[in-house]
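Visitor: Got a structure for you, written out below as structure tokens; questions coming shortly.
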Amino acid sequence: RKEVEQDPGPFNVPEGATVAFNCTYSNSASQSFFWYRQDCRKEPKLLMSVYSSGNEDGRFTAQLNRASQYISLLIRDSKLSDSATYLCVVNLRSEAAGNKLTFGGGTRVLVKP
Amino acid sequence: DAGVIQSPRHEVTEMGQEVTLRCKPISGHDYLFWYRQTMMRGLELLIYFNNNVPIDDSGMPEDRFSAKMPNASFSTLKIQPSEPRDSAVYFCASSLSGAPDLTQYFGPGTRLTVL
């Protein structure tokens, strides 16, 4: 079983609509969670951290469910520029793990006019 | 800051040849990571360094792959001999210990094609 699993998509989203997708992680000791965004033929970049209480950044909302070991990302009022692959990322926050991040396979989102 | 710098950006080589990928991390960052990305396997961590010391190389596919970090501002990933299945995008990333978001800053990647 992969440590971080995501639905690869693609999620085809009409412009202006809302889209949401989840990711599950297998290690219950995971402490830190993030969403990265990767545009086509570009490098991944941090989109946002995911906090226990949930958090928003503009049109993006991230949620964490520790009991069920999943995190979610919701995009409201989708823009064409939101088309990208969204990577779910976890970290153990242990001394041994240090800054090592574990990436999921990504969820591809395509926003269409 | 110029960000993470990788060279070359593209490399086309023939099977059996040696390939060397280079990375310059962001100045002051003490972690350096090498990843490989393919459509089939996604983003895989190959090896990472902390303060120039290799910490975890369990992701290195086999002995044909080796990585070094001779100083804080330079790292190489070498494949010898290369095989067609090594074709992928290789990313280098760096981060700073103690940073609250553990943000990894990725370089633009090296697109490797082995014929």
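The chains in the structure tokens are called A, B, ... from first to last as shown; in each chain the residues are counted from 1, and the ligands are counted from 1 in the order shown.
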Hey, could you make a per-residue contact list for chain A against chain B with 8 Å as the cut-off, showing the nearest pair of atoms and its distance in Å to one decimal, counting only C-alpha atoms, sorted by chain and number, as a Markdown table?
Guide:
| residue | atom | partner | partner_atom | distance |
| --- | --- | --- | --- | --- |
| A:Lys42 | CA | B:Pro108 | CA | 6.4 |
| A:Glu43 | CA | B:Pro108 | CA | 5.5 |
| A:Pro44 | CA | B:Phe106 | CA | 6.5 |
| A:Lys45 | CA | B:Tyr105 | CA | 6.9 |
| A:Leu46 | CA | B:Thr103 | CA | 6.7 |
| A:Ser49 | CA | B:Asp101 | CA | 6.8 |
| A:Gly98 | CA | B:Ser97 | CA | 7.5 |
| A:Asn99 | CA | B:Leu102 | CA | 6.0 |
| A:Lys100 | CA | B:Tyr48 | CA | 7.9 |
| A:Thr102 | CA | B:Leu45 | CA | 8.0 |
| A:Phe103 | CA | B:Leu43 | CA | 6.8 |
| A:Gly104 | CA | B:Leu43 | CA | 7.7 |
| A:Gly105 | CA | B:Gly42 | CA | 5.2 |
| A:Gly106 | CA | B:Gly42 | CA | 7.7 |
Visitor: For the residues selected in the previous step, produce a file with N, CA and C atoms as a PDB file, in the first residue's frame.
Guide:
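Writing the result to again38.pdb gives the following:
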ATOM      1  N   LYS A  42       6.282  21.621 -15.228  1.00  0.00           N
ATOM      2  CA  LYS A  42       6.928  22.514 -14.273  1.00  0.00           C
ATOM      3  C   LYS A  42       7.228  21.752 -12.990  1.00  0.00           C
ATOM      4  N   GLU A  43       7.919  22.436 -12.078  1.00  0.00           N
ATOM      5  CA  GLU A  43       8.236  21.804 -10.811  1.00  0.00           C
ATOM      6  C   GLU A  43       7.108  21.991  -9.812  1.00  0.00           C
ATOM      7  N   PRO A  44       6.996  21.105  -8.827  1.00  0.00           N
ATOM      8  CA  PRO A  44       5.993  21.275  -7.760  1.00  0.00           C
ATOM      9  C   PRO A  44       6.302  22.504  -6.907  1.00  0.00           C
ATOM     10  N   LYS A  45       5.233  23.147  -6.430  1.00  0.00           N
ATOM     11  CA  LYS A  45       5.375  24.306  -5.536  1.00  0.00           C
ATOM     12  C   LYS A  45       4.349  24.199  -4.421  1.00  0.00           C
ATOM     13  N   LEU A  46       4.746  24.666  -3.233  1.00  0.00           N
ATOM     14  CA  LEU A  46       3.829  24.615  -2.107  1.00  0.00           C
ATOM     15  C   LEU A  46       2.597  25.466  -2.384  1.00  0.00           C
ATOM     16  N   SER A  49      -0.325  24.767   3.542  1.00  0.00           N
ATOM     17  CA  SER A  49      -0.247  23.779   4.612  1.00  0.00           C
ATOM     18  C   SER A  49      -1.660  23.405   5.027  1.00  0.00           C
ATOM     19  N   GLY A  98      13.214  14.230   9.803  1.00  0.00           N
ATOM     20  CA  GLY A  98      13.707  15.554   9.453  1.00  0.00           C
ATOM     21  C   GLY A  98      12.741  16.259   8.524  1.00  0.00           C
ATOM     22  N   ASN A  99      13.280  16.801   7.470  1.00  0.00           N
ATOM     23  CA  ASN A  99      12.473  17.539   6.496  1.00  0.00           C
ATOM     24  C   ASN A  99      11.966  16.666   5.354  1.00  0.00           C
ATOM     25  N   LYS A 100      12.067  15.350   5.503  1.00  0.00           N
ATOM     26  CA  LYS A 100      11.641  14.471   4.415  1.00  0.00           C
ATOM     27  C   LYS A 100      10.130  14.559   4.234  1.00  0.00           C
ATOM     28  N   THR A 102       6.746  13.041   2.017  1.00  0.00           N
ATOM     29  CA  THR A 102       6.252  11.943   1.194  1.00  0.00           C
ATOM     30  C   THR A 102       5.119  12.465   0.324  1.00  0.00           C
ATOM     31  N   PHE A 103       5.274  12.311  -0.979  1.00  0.00           N
ATOM     32  CA  PHE A 103       4.324  12.860  -1.944  1.00  0.00           C
ATOM     33  C   PHE A 103       3.372  11.784  -2.454  1.00  0.00           C
ATOM     34  N   GLY A 104       2.105  12.173  -2.614  1.00  0.00           N
ATOM     35  CA  GLY A 104       1.169  11.324  -3.304  1.00  0.00           C
ATOM     36  C   GLY A 104       1.362  11.433  -4.805  1.00  0.00           C
ATOM     37  N   GLY A 105       0.615  10.605  -5.533  1.00  0.00           N
ATOM     38  CA  GLY A 105       0.762  10.576  -6.979  1.00  0.00           C
ATOM     39  C   GLY A 105       0.129  11.756  -7.706  1.00  0.00           C
ATOM     40  N   GLY A 106      -0.691  12.522  -6.985  1.00  0.00           N
ATOM     41  CA  GLY A 106      -1.277  13.710  -7.590  1.00  0.00           C
ATOM     42  C   GLY A 106      -2.681  13.486  -8.119  1.00  0.00           C
TER      43      GLY A 106
END
Visitor: To one decimal in Å, tell me the separation between atom CA of A:Pro14 and atom CA of A:Val89.
Guide: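 The value is 26.3 Å.
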Visitor: Quick one: of A:Asn12, A:Asn22, A:Gln38, A:Ser52, who's nearest to A:Ile71, counting only C-alpha atoms?
Guide: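 The shortest atom-to-atom distance to A:Ile71 comes from A:Asn22.
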Visitor: DSSP on the backbone, then: every residue of stretch 15-70 of chain B marked strand (DSSP E), written as a ChimeraX atom specification.
Guide: /B:19-24,31-38,42-50,53-56,65-70
Visitor: Could you check the closest approach to B:Pro54 for each of B:Pro25, B:Gly3, B:Gly16, B:Pro70 and tell me which residue wins, using only C-alpha atoms?
Guide: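 Looking at the shortest contact to B:Pro54, the residue is B:Pro70.
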